>>> print(open('run-v6.cif').read())   # mmCIF, C-alpha atoms
data_upload
loop_
_atom_site.label_atom_id
_atom_site.label_comp_id
_atom_site.auth_asym_id
_atom_site.auth_seq_id
_atom_site.Cartn_x
_atom_site.Cartn_y
_atom_site.Cartn_z
CA MET A 807 0.00 0.00 0.00
CA PHE A 808 2.84 2.35 0.89
CA LEU A 809 4.60 1.64 -2.43
CA LYS A 810 1.39 2.24 -4.35
CA MET A 811 0.80 5.59 -2.61
CA LYS A 812 4.43 6.54 -3.22
CA ARG A 813 4.02 5.77 -6.94
CA ILE A 814 0.87 7.93 -7.12
CA VAL A 815 2.56 10.83 -5.34
CA LEU A 816 5.58 10.57 -7.63
CA PHE A 817 3.35 10.55 -10.70
CA LEU A 818 1.47 13.63 -9.52
CA ALA A 819 4.73 15.43 -8.79
CA VAL A 820 5.92 14.76 -12.33
CA GLY A 821 2.54 15.21 -13.99
CA LEU A 822 1.84 18.58 -12.42
CA SER A 823 5.12 20.04 -13.62
CA ALA A 824 4.62 22.08 -16.80
CA VAL A 825 7.82 23.92 -17.51
CA ALA A 826 7.58 27.04 -19.64
CA LEU A 827 10.09 27.14 -22.48
CA GLN A 828 12.12 30.23 -23.08
CA ALA A 829 10.82 31.29 -26.48
CA LYS A 830 13.64 31.07 -29.00
CA THR A 831 14.09 31.97 -32.65
CA LEU A 832 16.07 30.07 -35.27
CA ILE A 833 17.23 31.69 -38.52
CA VAL A 834 17.91 29.09 -41.20
CA TYR A 835 19.20 30.19 -44.60
CA TYR A 836 21.14 29.33 -47.71
CA SER A 837 23.34 31.80 -49.56
CA TYR A 838 25.38 31.28 -52.71
CA THR A 839 26.11 34.91 -53.69
CA ASN A 840 26.16 35.98 -50.00
CA ASN A 841 23.25 38.39 -50.47
CA VAL A 842 21.13 36.37 -48.02
CA HIS A 843 24.13 36.07 -45.70
CA ARG A 844 24.39 39.88 -45.53
CA ILE A 845 20.65 40.13 -44.88
CA VAL A 846 20.84 37.56 -42.07
CA SER A 847 23.86 39.33 -40.57
CA ASP A 848 21.82 42.53 -40.35
CA LEU A 849 18.82 40.64 -38.95
CA GLN A 850 21.06 39.31 -36.17
CA THR A 851 21.75 42.88 -35.05
CA GLN A 852 18.01 43.43 -34.55
CA ILE A 853 16.84 40.21 -32.89
CA GLU A 854 18.30 37.52 -30.66
CA ALA A 855 18.36 34.25 -32.56
CA ASP A 856 20.38 31.15 -33.31
CA VAL A 857 21.56 30.87 -36.92
CA LEU A 858 21.97 27.83 -39.15
CA ARG A 859 23.48 28.14 -42.63
CA VAL A 860 22.58 25.31 -45.01
CA GLU A 861 25.60 23.87 -46.85
CA PRO A 862 25.51 21.52 -49.86
CA ALA A 863 27.16 18.14 -49.34
CA GLU A 864 29.32 18.63 -52.43
CA GLU A 865 31.59 21.64 -52.11
CA GLY A 866 32.85 23.93 -54.84
CA LEU A 867 29.88 23.62 -57.20
CA ASP A 868 29.46 26.56 -59.57
CA TYR A 869 25.72 27.07 -59.63
CA ALA A 870 26.08 30.24 -61.71
CA ALA A 871 28.00 28.63 -64.58
CA ASP A 872 26.31 28.59 -67.98
CA ASN A 873 23.53 30.92 -66.80
CA TYR A 874 22.82 28.86 -63.69
CA ALA A 875 22.44 25.63 -65.68
CA LEU A 876 23.15 23.45 -62.63
CA GLY A 877 20.74 25.41 -60.44
CA SER A 878 18.08 25.18 -63.13
CA ALA A 879 18.52 21.41 -63.39
CA LEU A 880 18.21 20.99 -59.62
CA ILE A 881 15.01 23.05 -59.54
CA GLY A 882 13.65 21.07 -62.50
CA ALA A 883 14.21 17.77 -60.70
CA ILE A 884 12.27 19.00 -57.67
CA ARG A 885 9.43 20.35 -59.81
CA ASN A 886 9.11 17.03 -61.63
CA ASP A 887 8.79 14.91 -58.47
CA PRO A 888 8.51 17.07 -55.33
CA ASP A 889 7.51 14.18 -53.04
CA ASN A 890 10.55 12.06 -53.85
CA PRO A 891 13.52 12.52 -51.48
CA ALA A 892 15.84 11.61 -54.37
CA SER A 893 14.76 14.78 -56.19
CA TYR A 894 16.55 16.99 -53.67
CA PRO A 895 20.31 17.68 -53.69
CA ALA A 896 22.29 16.35 -50.74
CA ILE A 897 23.23 18.72 -47.94
CA LYS A 898 25.54 18.28 -44.97
CA THR A 899 23.54 20.51 -42.59
CA THR A 900 21.55 18.84 -39.82
CA VAL A 901 19.61 19.97 -36.76
CA ASP A 902 18.42 17.96 -33.77
CA ASN A 903 16.83 20.56 -31.48
CA LEU A 904 13.98 22.12 -33.47
CA ALA A 905 11.65 21.52 -30.52
CA ASP A 906 13.55 24.26 -28.67
CA TYR A 907 12.33 26.97 -31.08
CA ASP A 908 9.02 28.79 -31.16
CA THR A 909 9.86 30.80 -34.29
CA VAL A 910 11.82 29.94 -37.45
CA ILE A 911 12.86 32.64 -39.92
CA VAL A 912 13.82 31.26 -43.33
CA GLY A 913 16.23 33.25 -45.51
CA ALA A 914 15.78 32.08 -49.09
CA PRO A 915 17.41 32.99 -52.40
CA LEU A 916 15.22 32.73 -55.49
CA TRP A 917 16.33 30.31 -58.21
CA TRP A 918 14.28 30.21 -61.40
CA SER A 919 11.15 31.45 -59.58
CA ASN A 920 11.56 28.88 -56.80
CA MET A 921 13.37 28.53 -53.49
CA ALA A 922 17.06 27.63 -53.84
CA ALA A 923 17.38 23.85 -54.09
CA PRO A 924 19.68 23.20 -51.08
CA LEU A 925 17.32 25.12 -48.80
CA GLN A 926 14.41 23.10 -50.19
CA THR A 927 16.30 19.96 -49.17
CA PHE A 928 16.60 21.20 -45.59
CA LEU A 929 12.91 22.08 -45.36
CA PHE A 930 11.88 18.84 -47.05
CA THR A 931 13.81 17.01 -44.34
CA TYR A 932 12.78 19.06 -41.31
CA GLY A 933 9.61 20.93 -42.32
CA SER A 934 7.31 18.43 -40.61
CA GLN A 935 9.10 19.19 -37.32
CA MET A 936 8.12 22.87 -37.68
CA ALA A 937 4.40 22.18 -37.27
CA GLY A 938 2.76 24.88 -35.18
CA LYS A 939 5.83 27.11 -35.13
CA ARG A 940 5.70 30.71 -36.31
CA ILE A 941 7.42 30.91 -39.71
CA GLY A 942 8.86 34.09 -41.17
CA LEU A 943 10.12 34.21 -44.75
CA ILE A 944 12.73 36.56 -46.21
CA VAL A 945 13.41 36.22 -49.94
CA SER A 946 16.27 37.63 -51.97
CA SER A 947 16.03 37.95 -55.76
CA ALA A 948 17.35 40.12 -58.55
CA SER A 949 13.94 41.20 -59.83
CA SER A 950 11.53 38.25 -60.06
CA GLY A 951 8.50 38.10 -57.77
CA ILE A 952 8.56 35.78 -54.76
CA SER A 953 5.24 33.94 -55.00
CA GLY A 954 6.96 30.73 -56.11
CA VAL A 955 9.27 30.78 -53.09
CA GLU A 956 6.32 31.40 -50.77
CA ALA A 957 4.52 28.42 -52.33
CA ASP A 958 7.59 26.24 -51.81
CA ALA A 959 7.83 27.26 -48.15
CA ARG A 960 4.18 26.42 -47.49
CA ARG A 961 4.50 23.08 -49.31
CA LEU A 962 7.61 22.13 -47.36
CA ILE A 963 6.27 23.36 -43.98
CA PRO A 964 2.60 22.37 -44.41
CA GLN A 965 1.60 22.97 -40.78
CA GLY A 966 3.68 26.07 -40.14
CA ASP A 967 2.05 29.22 -38.78
CA PHE A 968 3.26 31.67 -41.42
CA MET A 969 3.64 35.30 -40.44
CA SER A 970 2.46 37.72 -43.09
CA PRO A 971 3.73 39.36 -45.18
CA SER A 972 6.97 37.83 -46.35
CA LEU A 973 9.90 40.21 -46.78
CA TRP A 974 11.21 40.63 -50.33
CA ILE A 975 14.63 42.24 -50.61
CA ARG A 976 15.96 42.75 -54.13
CA SER A 977 19.67 42.27 -54.74
CA SER A 978 20.09 46.00 -55.31
CA GLN A 979 18.61 46.69 -51.85
CA THR A 980 20.81 44.28 -49.88
CA SER A 981 23.38 46.84 -48.74
CA ASN A 982 20.62 49.09 -47.37
CA CYS A 983 18.27 46.43 -45.98
CA HIS A 984 18.41 47.47 -42.31
CA ALA A 985 15.34 49.71 -42.39
CA MET A 986 13.40 47.18 -44.47
CA ILE A 987 14.05 44.48 -41.88
CA THR A 988 13.09 46.83 -39.03
CA ASP A 989 9.79 47.71 -40.73
CA TRP A 990 9.08 44.05 -41.49
CA LEU A 991 9.65 42.94 -37.91
CA ASP A 992 7.23 45.62 -36.78
CA GLU A 993 4.67 44.69 -39.46
CA ILE A 994 4.57 41.02 -38.47
CA GLY A 995 4.46 41.93 -34.76
CA TYR A 996 7.67 40.07 -34.04
CA GLU A 997 8.74 39.59 -30.45
CA PRO A 998 10.63 36.56 -29.15
CA GLY A 999 7.62 35.09 -27.36
CA GLY A 1000 5.11 36.08 -30.01
CA SER A 1001 3.98 39.24 -28.19
CA GLY A 1002 2.28 41.73 -30.42
CA ILE A 1003 -0.37 43.25 -28.14
CA ASP A 1004 -0.41 44.72 -24.67
CA ASN A 1005 -1.95 42.70 -21.86
CA PRO A 1006 -5.58 43.67 -21.34
CA GLU A 1007 -6.59 44.79 -17.87
CA GLY A 1008 -6.89 41.83 -15.53
CA PHE A 1009 -5.14 39.55 -18.04
CA GLU A 1010 -3.82 36.28 -16.61
CA GLU A 1011 -0.83 34.75 -18.38
CA PRO A 1012 -2.09 31.34 -19.52
CA ARG A 1013 -0.48 28.16 -18.24
CA PHE A 1014 -1.05 24.42 -18.28
CA ILE A 1015 -1.96 22.07 -15.46
CA VAL A 1016 -1.32 18.37 -16.02
CA ARG A 1017 -3.38 15.81 -14.12
CA PRO A 1018 -3.68 12.07 -14.69
CA GLY A 1019 -5.22 11.67 -18.14
CA GLN A 1020 -6.05 15.36 -18.52
CA LEU A 1021 -4.37 18.58 -19.67
CA THR A 1022 -6.03 21.87 -18.68
CA VAL A 1023 -5.38 25.52 -19.56
CA VAL A 1024 -5.67 28.17 -16.84
CA GLY A 1025 -6.10 31.76 -18.04
CA TYR A 1026 -7.27 33.35 -21.30
CA PHE A 1027 -6.52 31.58 -24.59
CA ASP A 1028 -7.87 31.12 -28.12
CA GLU A 1029 -6.64 27.62 -28.96
CA TRP A 1030 -3.88 25.21 -28.08
CA SER A 1031 -2.09 22.27 -29.65
CA LEU A 1032 0.08 19.43 -28.43
CA TYR A 1033 3.08 18.09 -30.34
CA GLY A 1034 5.49 15.23 -29.99
CA LEU A 1035 9.12 16.25 -29.76
CA ARG A 1036 9.58 15.45 -33.46
CA GLY A 1037 6.94 18.02 -34.36
CA ASP A 1038 3.97 15.72 -35.02
CA GLU A 1039 0.70 17.30 -33.91
CA VAL A 1040 -1.26 14.93 -31.68
CA LEU A 1041 -4.01 17.26 -30.44
CA ARG A 1042 -5.57 20.63 -31.31
CA THR A 1043 -8.52 22.11 -29.43
CA PHE A 1044 -10.39 25.24 -28.43
CA GLU A 1045 -11.59 23.58 -25.21
CA ARG A 1046 -10.05 24.39 -21.83
CA SER A 1047 -9.43 20.72 -20.94
CA ALA A 1048 -8.56 17.73 -23.07
CA ASP A 1049 -8.32 14.00 -22.46
CA VAL A 1050 -4.71 12.86 -22.96
CA SER A 1051 -5.04 9.41 -21.41
CA HIS A 1052 -4.66 7.78 -24.83
CA LEU A 1053 -1.23 9.31 -25.42
CA PRO A 1054 2.00 7.44 -24.64
CA ALA A 1055 3.79 8.65 -21.53
CA GLY A 1056 6.57 11.10 -22.23
CA LEU A 1057 7.55 14.69 -22.92
CA TYR A 1058 5.45 16.86 -25.27
CA VAL A 1059 5.43 20.46 -26.45
CA ALA A 1060 2.18 22.38 -25.84
CA ARG A 1061 1.69 25.54 -27.92
CA LEU A 1062 -0.93 27.96 -26.70
CA ARG A 1063 -2.21 30.95 -28.69
CA TYR A 1064 -4.05 34.02 -27.50
CA GLY A 1065 -4.58 37.03 -29.75
CA VAL A 1066 -1.41 37.39 -31.79
CA ARG A 1067 0.66 35.89 -29.01
CA ALA A 1068 1.98 32.37 -28.70
CA VAL A 1069 3.74 30.59 -25.87
CA SER A 1070 5.23 27.12 -25.68
CA TYR A 1071 5.56 24.76 -22.74
CA LYS A 1072 7.15 21.39 -22.23
CA VAL A 1073 4.70 19.10 -20.48
CA ARG A 1074 5.33 15.59 -19.21
CA ILE A 1075 2.36 13.30 -19.57
CA GLY A 1076 2.58 10.32 -17.25
CA ASN A 1077 1.08 6.88 -17.25
CA GLU A 1078 -1.39 6.52 -14.43
CA ARG A 1079 -1.36 2.77 -14.80
CA GLY A 1080 2.29 3.11 -13.66
#
>>> encode(input="run-v6.cif", output="structure tokens")
Amino acid sequence: MFLKMKRIVLFLAVGLSAVALQAKTLIVYYSYTNNVHRIVSDLQTQIEADVLRVEPAEEGLDYAADNYALGSALIGAIRNDPDNPASYPAIKTTVDNLADYDTVIVGAPLWWSNMAAPLQTFLFTYGSQMAGKRIGLIVSSASSGISGVEADARRLIPQGDFMSPSLWIRSSQTSNCHAMITDWLDEIGYEPGGSGIDNPEGFEEPRFIVRPGQLTVVGYFDEWSLYGLRGDEVLRTFERSADVSHLPAGLYVARLRYGVRAVSYKVRIGNERG
């Protein structure tokens, strides 16, 4: 009897702990001509973020040779069979901590009206793990419009929460992009935790309470979702409480939205059958 009570107490101690994540931003980008690199370098002076530069597996390739013939061929292969992993060029860049980030800003060059192929490879590989995250898109091109790149981003991150509008910086504007980035961050309401509005009077910061078989929100909210650590959405609801007894025991990421704000928590769901 004592051991059984001890097990129940231990479960409650673990189950009731919902630890708020420090909201973090990741900037992921590819840059062949270094235009996007210069844009990202300026962006880093305006926000606090981790940065990941995508690198092709094969070094020294001249994508610009023969009027970007190689780049055109890579884009053509993806267009012809976008669901086939073999259509995407190999990259050496990996990431294993996407669950730590609430926001991902993608810096994308435009190749033949589409997103640069190496960056498409990265998003094809990891886009499913970005479900529910806020996604910002910055596109660099000489003159062509960016709708094709936006379509690629939404295809590759199908459950991303895209912030609007995207930022289009032409090559001729790269050296003077600081003000454009500042205005864009303001337009999308960017703040590290998703804050874009002041707290209303009497506002209670929302939080989660975990009980055996049940996850409950305390405070004001619009909707919330629950994700596995690999980014797979397992629950989405507008209700204050949800039954989670059917889920395997373990650590999950709960994303809660209210107004234009978003906050993420790590929650440990136990197994009451112990």
>>> residues_near_point(input="run-v6.cif", point="(22.5, 23.8, -50.0)", cutoff="8 Å", atoms="all atoms listed in the file", output="list in words")
Tyr836, Val860, Glu861, Pro862, Ala863, Pro895, Ala896, Ile897, Ala922, Ala923, Pro924, Leu925, Thr927 and Phe928 of chain A
>>> residues_around(input="run-v6.cif", residues="stretch 840-849 of chain A", least_positions_apart="6", cutoff="8 Å", atoms="only C-alpha atoms", output="ChimeraX atom specification")
/A:833,913-915,945-946,977,980-981,983-984,987
>>> closest_residue(input="run-v6.cif", among="A:Ser949, A:Ser878, A:Gln926, A:Asn890", to="A:Tyr835", atoms="only C-alpha atoms")
A:Gln926
>>> residues_around(input="run-v6.cif", residues="A:Asp1049", least_positions_apart="4", cutoff="10 Å", atoms="only C-alpha atoms", output="PyMOL selection string")
chain A and resi 1017-1022+1041+1053
>>> closest_residue(input="run-v6.cif", among="A:Ser972, A:Glu854, A:Ala875, A:Asp902", to="A:Met986", atoms="only C-alpha atoms")
A:Ser972
>>> closest_residue(input="run-v6.cif", among="A:Trp974, A:Tyr838, A:Tyr1033, A:Tyr874", to="A:Lys939", atoms="all atoms listed in the file")
A:Tyr1033
>>> closest_atom_pairs(input="run-v6.cif", of="stretch 860-928 of chain A", to="stretch 932-938 of chain A", cutoff="9 Å", atoms="only C-alpha atoms", output="Markdown table")
| residue | atom | partner | partner_atom | distance |
| --- | --- | --- | --- | --- |
| A:Thr900 | CA | A:Tyr932 | CA | 8.9 |
| A:Val901 | CA | A:Tyr932 | CA | 8.3 |
| A:Leu904 | CA | A:Gln935 | CA | 6.9 |
| A:Ala905 | CA | A:Gln935 | CA | 7.6 |
| A:Tyr907 | CA | A:Met936 | CA | 8.8 |
| A:Asp908 | CA | A:Gly938 | CA | 8.4 |
| A:Thr909 | CA | A:Met936 | CA | 8.8 |
| A:Val910 | CA | A:Met936 | CA | 8.0 |
| A:Thr927 | CA | A:Tyr932 | CA | 8.7 |
| A:Phe928 | CA | A:Tyr932 | CA | 6.1 |
>>> atom_distance(input="run-v6.cif", atom1="atom CA of A:Arg976", atom2="atom CA of A:Ile941")
20.5 Å
>>> axis_aligned_box(input="run-v6.cif", around="stretch 1042-1046 of chain A", padding_each_side="5 Å", output="JSON")
{"center_x": -8.6, "center_y": 22.9, "center_z": -26.6, "size_x": 16.0, "size_y": 14.6, "size_z": 19.5}
>>> atom_distance(input="run-v6.cif", atom1="atom CA of A:Asp992", atom2="atom CA of A:Arg1061")
22.6 Å
>>> atom_distance(input="run-v6.cif", atom1="atom CA of A:Asp967", atom2="atom CA of A:Arg940")
4.7 Å
>>> resolve_selection(input="run-v6.cif", expression="the PyMOL selection byres ((chain A and resi 1074) around 6)", output="PDB file with C-alpha atoms, keeping the file's coordinate frame")
ATOM      1  CA  GLY A 821       2.540  15.210 -13.990  1.00  0.00           C
ATOM      2  CA  GLY A1056       6.570  11.100 -22.230  1.00  0.00           C
ATOM      3  CA  LEU A1057       7.550  14.690 -22.920  1.00  0.00           C
ATOM      4  CA  VAL A1073       4.700  19.100 -20.480  1.00  0.00           C
ATOM      5  CA  ILE A1075       2.360  13.300 -19.570  1.00  0.00           C
TER       6      ILE A1075
END
>>> residues_around(input="run-v6.cif", residues="A:Glu993", least_positions_apart="3", cutoff="12 Å", atoms="only C-alpha atoms", output="ChimeraX atom specification")
/A:942,969-973,986-990,996-997,1002
>>> closest_residue(input="run-v6.cif", among="A:Leu867, A:Leu1062, A:Tyr894, A:Ala1068", to="A:Gly882", atoms="all atoms listed in the file")
A:Tyr894
>>> closest_residue(input="run-v6.cif", among="A:Ser947, A:Asn886, A:Thr931, A:Ser1051", to="A:Leu962", atoms="all atoms listed in the file")
A:Thr931
